[in-house]
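Heads up: the structure comes next, in structure tokens.
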Amino acid sequence: MTRYTVYGASIVVFLSLILVPPIIGIATKWSAMQQVLSEPPLVNRVLRAVTNSVWIALFVSALDLAAGVPMAWLVTRGSSKWLNVIDTLADIPFIVPTAALGYSLLLFWSKPSGVSAILSGPLVSQGWALIILLHFTFSYPIVVRVLVGALLDYKMEYERASRTLGAPPLTAARTVTFPILKPSLIAAFILAFARSLSETGATFIVAGAFENGPVLIQNITNDYKAGSVSLVFYQGSIAFASLTLILVATAIFALISVFASRLRLPLKRAWPTFERKLSYSKASHSRNLATFLIFFIVVLIPALWVSLPAFQALFTPTLHNSLSGIGVWAGFWQSLTLSYCLGAAVTLLNITIGLPMAILIARKRLGTLASTAFDVLINIPLIVPSIALGVSLKFFWQQNFPFIPEIWLLIFAHLTITYPYFVRSVSAAVERINVEMEEAARTLGAKPLDVFRTIIFPLTKYSMLSGAIIVFTRSLSETGATVAVTTTLQTAPVIIVNWVKALLSQGAKAPATALDIGLGCGILILLSFIILLALRFISREKGSV
Amino acid sequence: MLDSLHDEVSLTPVIRIVNVTKKFGKIVAVGNVNLEIRDKEYFSLLGPSGCGKTTLLRLIAGLIEPDEGKIYIGERLVNDVPPEDRDIGFVFQTFALFPHMNVWDNATYGPRVKGFNVQKSRTIGHEVLELVKLHERLGAFPSELSGGMMQRTAIARALAAGAKTLLLDEPLGQLDAKVRNEIRYDMRRMARDLGLTAVHVTHDQAEAMSISDRIAVMKKGKVLQVGSPQELYMRPNSIFVAHFIGESNFLEGHVVETFDERAMIELRGGIQVQAVTKNVKREQRVVLAIRPEAILIERGERRSPNHLMGIVEKVTFEGNSVRYEIRLENQDPLVVVQPSLVDSWFAKDQKVRLSFEPEKAHVFPYPEIGLKEETTVE
């Protein structure tokens with residue numbers, strides 16, 4: 001098998017399983033979409049929602065950078081051993097199922113069980129402010145992860161040169177380090193932006209009456225399920241909203257990638273006295289303190305708040321119920337097993353089909369133009385709202401291949417959502433390997449496969465591991481698309497989301513109590529955290545990169 | 001030249017390093033080093049890789065902090081002074097030119113971050129770039145420059161920051177041989193013209209010898225000898241310095257007699273030779289170090305007991321000199337170098353008589369760790 005067969009196969013799989021199905025899924029609803037376009041109120045509603053999405057995403061991504069940069073700096077430049085722990089804790093919002101994360105923030109910020117207890121009303125009500133807090137919570141770890149990687153790879157010599165030329169630390173960072181790291185800052189911004197634009201499950205819970213793109217899609221889906229809108233209206237409006245979101249997001253990405261690299265902020269000037277003051281002692285201590293406070297108060301504690309009742313549940317019959325699968329817990333353990341098996345299967349699939357694509361992009365194996373095109377195309381699943389992605393996948397597969405079992409739909413949906421993350425992190429790692437090393441191996445007689453086995457794999461295996469961790473955790477917490485593609489199968493996050501929805505709508509009459517939800521989230525978080533720690537331990541043990 | 005630069009600097013650029021130690025984990029990179037670098041001198045730190053010379057330079061710059069000891073720049077103790085306040089210019093081995101700035105922005109970076117007014121920054125920028133002959137490439141980015149241009153930009157940048165002390169970390173290491181030879185004299189001239197104190201790190205003894213006022217030879221974190229190039233060459237104080245600076249023949253033997261600041265040394269095979277030395281005792285095991293060019297090579301038989309006899313094993317023409325590799329009668333190897341413009345050369349397998357003046361041989365106690373270990377540069 002030649003290497004071009006491998007690359008060819010990876011391209012075919014990418015196109016047929018990941019890129020084309022959601023696009024065709026939306027395209028087949030073209031006529032339905034044209035019908036709803038003649039309804040100005042809906043068109044206005046969609047445009048308003050998409051505008052909301054964009055503003056929130058821009059604002060949140062900017063906040064992420066502002067808060068994530070000092071944290072990444074602290075983690076990479078600090079000398080304390082505890083920073084490693086903080087670094088691991090920063091991944092927690094990754095593993096909380098997004099819908100549970102939404103509920104967790106609702107409890108923390110708006111309900112009497114959280115910080116609002118000290119006030120007479122909610123501190124932050126459902127609506128745009130809570131959406132911003134939520135999106136900040138789940139995109140912050142992504143930004144920190146990307147920036148930590150960039151800072152670790154950064155050649156310190158530039159910063160040292162700047163210091164010897166008379167720049168205090170802050171000036172050196174502002175005028176030298178960050179301009180050089182601009183591509184990573186842009187990448188972090190784009191990832192946070194895309195995640196904010198597409199998140200559905202959690203946003204729906206905290207949105208209240210406020211609508212952004214994904215919430216609108218979820219609302220219309222709910223209306224259709226409740227029978228208050230027609231099938232044509234449902235399909236047409238979802239297709240229209242998704243398409244608008246995709247187009248707007250693509251336009252913004254294109255703008256960012258064209259202009260951000262040319263953007264020259266007026267950062268040349270320096271203010272020696274002022275910046276010196278900010279570089280040392282008091283100012284840097286306050287900056288570190290603020291970084292920690294933001295991390296704990298805005299990210300970590302709100303994300304874990306939902307699992308607090310888990311401790312209480314340990315001393316009530318809830319624990320017994322859960323372990324024996326009584327009441328609402330019937331089926332929970334099967335769902336949990338399904339979630340983990342699904343996560344493992346999707347991870348393995350990603351490694352099999354994503355790896356050749358990552359190398360193809362990093363090494364421009366098909367020429368610059370084709371490789372750049374694929375580099376852009378693999379991002380598309382990132383920006384489609386997960387529920388829209390699920391719905392369009394379902395349109396596509398059910399219409400064309402009705403015999404495909406539901407489990408495969410689930411796998412395809414998760415594969416589509418996680419694929420960009422894996423390919424992106426591995427291709428970045430491959431790009432960092434000096435081509436001369438591969439060439440040296442070739443001149444020494446290694447065949448392409450040997451080069452991969454003996455050079456590329458050993459040098460990228462930890463990046464592959466971290467890519468695999470992102471895939472696994474993302475699959476484990478995915479809710480929006482999962483709900484959309486399944487009718488009988490239930491993953492653990494879906495069960496928890498159903499409990500949350502019932503509790504929010506029915507109150508005390510709901511089948512699951514806050515204790516059940518807390519314990520369910522607690523179990524999911526704990527198991528995932530153990531797996532995450534184990535993987536990290538393995539990678540540290542062998543000298544992580 | 002560079003008048004606008006000089007009135008910014010008030011420090012007397014004398015560097016004093018007192019009992020400085022720096023460890024990385026268990027490895028002692030710099031061990032209890034004492035050193036003084038004089039005003040306006042061109043000083044080199046010379047040694048094999050891993051000897052601690054770059055670490056010492058970084059300690060002076062404040063890029064790393066010493067575990068013990070004190071570092072003074074001028075009269076000021078700088079242990080707690082951050083690099084930006086030490087008034088030094090540092091030229092990195094890889095140049096570390098900021099890739100997102102062009103030549104002009106790189107060169108004027110120092111004045112800018114020090115808050116000089118625009119007019120002054122501009123004047124300094126033009127002065128330094130003219131000095132390194134780069135005023136025609138102001139808009140070029142580092143990726144568009146040749147190695148030599150990058151090096152000159154790096155020097156211009158360090159000068160523009162107003163430093164009177166220039167710290168150079170293997171500044172010629174990345175350049176090819178021809179450019180290297182040209183630039184090293186340029187650097188020397190520039191330092192003298194501008195009245196700078198320069199500390200130049202290198203592992204290339206020829207480079208250090210050709211440009212330095214004084215050199216410190218380092219090995220395994222220690223300074224072995226400090227002196228002018230001539231001193232180090234003529235009067236090495238250790239086997240390592242004799243080996244690392246220039247080339248030396250090492251002959252093992254023991255002292256049979258001492259008289260009038262001289263010693264009679266018996267080499268292997270019972271050959272006895274005389275050398276000038278004070279610090280040896282009878283029966284002491286010693287090593288005799290003789291430069292290849294200090295040995296006289298002749299035809300004929302032994303006439304005095306101080307003569308060595310040998311057979312030529314290899315003859316190499318080196319342009320201005322001829323190099324003979326000789327096997328002595330006691331089977332020790334010996335290298336002799338002669339000007340190539342002598343009347344006739346010796347041929348392979350020819351029997352030759354060798355001699356040297358007692359003043360030109362250096363006698364060292366036999367090293368505890370063995371001669372081979374002592375002279376290893378790795």
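In the structure tokens, chains take the letters A, B, ... in the order shown, each chain's residues start at 1, and ligands count up from 1 in the order shown.
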*Counting only C-alpha atoms, which residues from chain B have an atom at most 6 Å from any atom of chain A, and could you show them as a ChimeraX atom specification?*
/B:83-84,96,110,113-115,161
Restricted to N, CA and C atoms, what would the selected residues look like written as a PDB file, in the first residue's frame?
ATOM      1  N   PRO B  83      18.236  42.185  34.351  1.00  0.00           N
ATOM      2  CA  PRO B  83      19.100  42.409  33.182  1.00  0.00           C
ATOM      3  C   PRO B  83      18.907  43.779  32.535  1.00  0.00           C
ATOM      4  N   GLU B  84      17.646  44.264  32.546  1.00  0.00           N
ATOM      5  CA  GLU B  84      17.398  45.514  31.827  1.00  0.00           C
ATOM      6  C   GLU B  84      18.066  46.711  32.502  1.00  0.00           C
ATOM      7  N   ALA B  96      19.047  36.035  18.033  1.00  0.00           N
ATOM      8  CA  ALA B  96      17.753  36.381  18.638  1.00  0.00           C
ATOM      9  C   ALA B  96      17.213  37.708  18.121  1.00  0.00           C
ATOM     10  N   GLY B 110      16.193  49.134  21.790  1.00  0.00           N
ATOM     11  CA  GLY B 110      16.728  49.550  23.093  1.00  0.00           C
ATOM     12  C   GLY B 110      16.350  50.978  23.447  1.00  0.00           C
ATOM     13  N   VAL B 113      12.518  51.171  24.249  1.00  0.00           N
ATOM     14  CA  VAL B 113      11.996  50.657  25.528  1.00  0.00           C
ATOM     15  C   VAL B 113      12.626  51.367  26.718  1.00  0.00           C
ATOM     16  N   LYS B 114      13.721  52.091  26.466  1.00  0.00           N
ATOM     17  CA  LYS B 114      14.282  52.876  27.562  1.00  0.00           C
ATOM     18  C   LYS B 114      13.651  54.262  27.621  1.00  0.00           C
ATOM     19  N   GLY B 115      12.744  54.543  26.691  1.00  0.00           N
ATOM     20  CA  GLY B 115      11.979  55.778  26.755  1.00  0.00           C
ATOM     21  C   GLY B 115      12.718  56.999  26.232  1.00  0.00           C
ATOM     22  N   ALA B 161      21.464  50.200  22.509  1.00  0.00           N
ATOM     23  CA  ALA B 161      20.844  50.244  23.835  1.00  0.00           C
ATOM     24  C   ALA B 161      21.702  51.070  24.793  1.00  0.00           C
TER      25      ALA B 161
END
*Extract, using only C-alpha atoms, all DNA, RNA and protein residues at most 10 Å from segment 258-270 of chain B, discarding same-chain residues fewer than 5 positions from it, and format them as a list of chain:residue names.*
B:Leu251, B:Glu252, B:Gly253, B:Ala275, B:Val276, B:Thr277, B:Lys278, B:Asn279, B:Val280, B:Lys281, B:Arg282, B:Glu283, B:Gln284, B:Arg285, B:Val286, B:Val287, B:Leu288, B:Asn306, B:Leu328, B:Glu329, B:Asn330, B:Gln331, B:Asp332, B:Pro358, B:Glu359, B:Val363
Include N, CA and C atoms and write out the residues we just selected as a PDB file, in the first residue's frame.
ATOM      1  N   LEU B 251      55.362  14.516  26.955  1.00  0.00           N
ATOM      2  CA  LEU B 251      56.236  13.368  27.173  1.00  0.00           C
ATOM      3  C   LEU B 251      56.254  13.065  28.667  1.00  0.00           C
ATOM      4  N   GLU B 252      56.003  11.797  29.009  1.00  0.00           N
ATOM      5  CA  GLU B 252      55.973  11.424  30.429  1.00  0.00           C
ATOM      6  C   GLU B 252      57.384  11.074  30.899  1.00  0.00           C
ATOM      7  N   GLY B 253      57.654  11.354  32.192  1.00  0.00           N
ATOM      8  CA  GLY B 253      58.970  11.015  32.731  1.00  0.00           C
ATOM      9  C   GLY B 253      59.018  11.234  34.230  1.00  0.00           C
ATOM     10  N   ALA B 275      65.175  20.620  31.496  1.00  0.00           N
ATOM     11  CA  ALA B 275      64.135  21.625  31.320  1.00  0.00           C
ATOM     12  C   ALA B 275      64.237  22.628  32.447  1.00  0.00           C
ATOM     13  N   VAL B 276      63.794  23.884  32.170  1.00  0.00           N
ATOM     14  CA  VAL B 276      63.797  24.916  33.201  1.00  0.00           C
ATOM     15  C   VAL B 276      62.546  24.766  34.046  1.00  0.00           C
ATOM     16  N   THR B 277      62.693  24.630  35.348  1.00  0.00           N
ATOM     17  CA  THR B 277      61.537  24.527  36.237  1.00  0.00           C
ATOM     18  C   THR B 277      61.985  24.699  37.665  1.00  0.00           C
ATOM     19  N   LYS B 278      61.024  25.186  38.514  1.00  0.00           N
ATOM     20  CA  LYS B 278      61.384  25.386  39.920  1.00  0.00           C
ATOM     21  C   LYS B 278      60.678  24.376  40.802  1.00  0.00           C
ATOM     22  N   ASN B 279      59.428  24.105  40.425  1.00  0.00           N
ATOM     23  CA  ASN B 279      58.557  23.471  41.426  1.00  0.00           C
ATOM     24  C   ASN B 279      58.488  21.955  41.331  1.00  0.00           C
ATOM     25  N   VAL B 280      59.599  21.307  41.102  1.00  0.00           N
ATOM     26  CA  VAL B 280      59.551  19.842  41.105  1.00  0.00           C
ATOM     27  C   VAL B 280      60.621  19.300  42.065  1.00  0.00           C
ATOM     28  N   LYS B 281      60.353  18.071  42.512  1.00  0.00           N
ATOM     29  CA  LYS B 281      61.286  17.428  43.435  1.00  0.00           C
ATOM     30  C   LYS B 281      61.877  16.204  42.755  1.00  0.00           C
ATOM     31  N   ARG B 282      62.936  15.709  43.316  1.00  0.00           N
ATOM     32  CA  ARG B 282      63.532  14.471  42.801  1.00  0.00           C
ATOM     33  C   ARG B 282      62.524  13.335  42.890  1.00  0.00           C
ATOM     34  N   GLU B 283      62.553  12.462  41.949  1.00  0.00           N
ATOM     35  CA  GLU B 283      61.699  11.268  41.907  1.00  0.00           C
ATOM     36  C   GLU B 283      60.253  11.578  41.513  1.00  0.00           C
ATOM     37  N   GLN B 284      59.935  12.880  41.367  1.00  0.00           N
ATOM     38  CA  GLN B 284      58.538  13.221  41.063  1.00  0.00           C
ATOM     39  C   GLN B 284      58.180  12.802  39.628  1.00  0.00           C
ATOM     40  N   ARG B 285      56.970  12.263  39.487  1.00  0.00           N
ATOM     41  CA  ARG B 285      56.501  11.897  38.155  1.00  0.00           C
ATOM     42  C   ARG B 285      56.003  13.167  37.456  1.00  0.00           C
ATOM     43  N   VAL B 286      56.451  13.424  36.245  1.00  0.00           N
ATOM     44  CA  VAL B 286      56.108  14.689  35.582  1.00  0.00           C
ATOM     45  C   VAL B 286      55.697  14.470  34.125  1.00  0.00           C
ATOM     46  N   VAL B 287      55.143  15.558  33.568  1.00  0.00           N
ATOM     47  CA  VAL B 287      54.842  15.570  32.135  1.00  0.00           C
ATOM     48  C   VAL B 287      55.584  16.763  31.538  1.00  0.00           C
ATOM     49  N   LEU B 288      56.262  16.534  30.427  1.00  0.00           N
ATOM     50  CA  LEU B 288      57.003  17.580  29.750  1.00  0.00           C
ATOM     51  C   LEU B 288      56.162  18.036  28.553  1.00  0.00           C
ATOM     52  N   ASN B 306      71.197  15.301  25.562  1.00  0.00           N
ATOM     53  CA  ASN B 306      69.923  16.003  25.460  1.00  0.00           C
ATOM     54  C   ASN B 306      69.222  15.755  24.121  1.00  0.00           C
ATOM     55  N   LEU B 328      59.506   8.343  18.409  1.00  0.00           N
ATOM     56  CA  LEU B 328      60.789   8.417  19.107  1.00  0.00           C
ATOM     57  C   LEU B 328      61.341   7.012  19.347  1.00  0.00           C
ATOM     58  N   GLU B 329      62.615   6.949  19.722  1.00  0.00           N
ATOM     59  CA  GLU B 329      63.223   5.632  19.947  1.00  0.00           C
ATOM     60  C   GLU B 329      62.554   4.892  21.102  1.00  0.00           C
ATOM     61  N   ASN B 330      61.951   5.672  22.066  1.00  0.00           N
ATOM     62  CA  ASN B 330      61.233   4.993  23.168  1.00  0.00           C
ATOM     63  C   ASN B 330      59.766   4.726  22.809  1.00  0.00           C
ATOM     64  N   GLN B 331      59.435   4.876  21.545  1.00  0.00           N
ATOM     65  CA  GLN B 331      58.105   4.613  20.976  1.00  0.00           C
ATOM     66  C   GLN B 331      57.068   5.701  21.280  1.00  0.00           C
ATOM     67  N   ASP B 332      57.447   6.803  21.999  1.00  0.00           N
ATOM     68  CA  ASP B 332      56.508   7.919  22.207  1.00  0.00           C
ATOM     69  C   ASP B 332      56.327   8.670  20.881  1.00  0.00           C
ATOM     70  N   PRO B 358      66.061  24.166  26.835  1.00  0.00           N
ATOM     71  CA  PRO B 358      65.426  23.832  28.122  1.00  0.00           C
ATOM     72  C   PRO B 358      64.371  24.865  28.536  1.00  0.00           C
ATOM     73  N   GLU B 359      64.549  26.154  28.138  1.00  0.00           N
ATOM     74  CA  GLU B 359      63.578  27.195  28.518  1.00  0.00           C
ATOM     75  C   GLU B 359      62.239  26.982  27.808  1.00  0.00           C
ATOM     76  N   VAL B 363      57.336  21.989  32.471  1.00  0.00           N
ATOM     77  CA  VAL B 363      57.241  20.770  33.266  1.00  0.00           C
ATOM     78  C   VAL B 363      56.038  20.870  34.198  1.00  0.00           C
TER      79      VAL B 363
END
*For atom CA of Val322 of chain B and atom CA of His362 of chain B, determine how far apart the two atoms are, in Å to one decimal place.*
23.4 Å
*Which value, in Å to one decimal, gives the distance between atom CA of Ile378 of chain A and atom CA of Ser242 of chain A?*
17.3 Å
*Show which residues sit within 8 Å of Val485 of chain A, as JSON, numbers by chain. Count only C-alpha atoms, and ignore same-chain residues fewer than 6 positions away.*
{"A": [390, 391, 393, 394, 406, 409, 410, 413]}
Next, write the just-selected residues to a file, as a CSV table (one decimal), in the first residue's frame, keeping N, CA and C atoms as the atom set.
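Printed below is result_31.csv as written:
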chain,number,residue,atom,x,y,z
A,390,GLY,N,-26.2,17.9,14.4
A,390,GLY,CA,-26.9,16.6,14.7
A,390,GLY,C,-28.1,16.5,13.8
A,391,VAL,N,-28.9,17.6,13.7
A,391,VAL,CA,-30.1,17.6,12.9
A,391,VAL,C,-29.8,17.3,11.4
A,393,LEU,N,-27.1,16.0,10.1
A,393,LEU,CA,-26.6,14.6,9.9
A,393,LEU,C,-27.8,13.6,9.9
A,394,LYS,N,-28.7,13.9,10.8
A,394,LYS,CA,-29.9,13.0,10.8
A,394,LYS,C,-30.7,13.1,9.5
A,406,GLU,N,-28.7,3.2,14.7
A,406,GLU,CA,-28.6,4.5,15.4
A,406,GLU,C,-27.2,4.7,16.0
A,409,LEU,N,-25.0,6.4,13.7
A,409,LEU,CA,-25.3,7.8,13.6
A,409,LEU,C,-24.6,8.6,14.7
A,410,LEU,N,-24.7,8.0,15.9
A,410,LEU,CA,-24.1,8.6,17.1
A,410,LEU,C,-22.6,8.7,16.9
A,413,ALA,N,-21.8,11.4,14.3
A,413,ALA,CA,-22.0,12.7,14.9
A,413,ALA,C,-20.8,13.1,15.8
_Nearby residues (only C-alpha atoms) at most 10 Å from segment 296-304 of chain A, same-chain spacing under 6 positions excluded, as a VMD selection string_ = chain A and resid 86 89 to 98 100 to 109 114 to 115 133 to 141 290 518 521 to 522 525
*Excluding segment 221-232 of chain B and residues on its chain fewer than 3 positions from it, collect all residues at most 10 Å away from it, counting only C-alpha atoms, and give them as a ChimeraX atom specification.*
/B:21-23,27-36,43-47,50-53,55-56,205-206,208-218,235-238,240-242,244-246
*Fewer than 5 positions away in the same chain doesn't count, so skip those; otherwise give me all residues within 9 Å of Arg38 of chain B, counting only C-alpha atoms, as a list in words.*
Pro13, Val14, Ile15, Arg16, Phe43 and Thr197 of chain B
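Here atom CA of Lys225 of chain A stands at a distance of 18.7 Å from atom CA of Ala209 of chain A.
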*Any chance you could list, as number ranges by chain, the residues in segment 49-298 of chain B that come up strand (DSSP E) when DSSP is run on the backbone?*
B: 68-73, 76-77, 88-91, 165-169, 197-202, 214-219, 222-227, 249-259, 262-267, 272-276, 285-290, 296-298
_For Glu431 of chain A, find every residue with an atom within 9 Å (counting only C-alpha atoms), except residues of its own chain fewer than 5 positions away, and show them as a PyMOL selection string._
chain A and resi 359+361-363+426
*Using only C-alpha atoms, which of the listed residues (B:Asp105, B:Glu313, B:Glu136, B:Asp80) sits closest to Ala61 of chain B?*
B:Asp80
*May I ask which of the residues B:Lys178, B:Arg353, B:His243, B:His307 is the closest one to Glu373 of chain B, counting only C-alpha atoms?*
B:His243
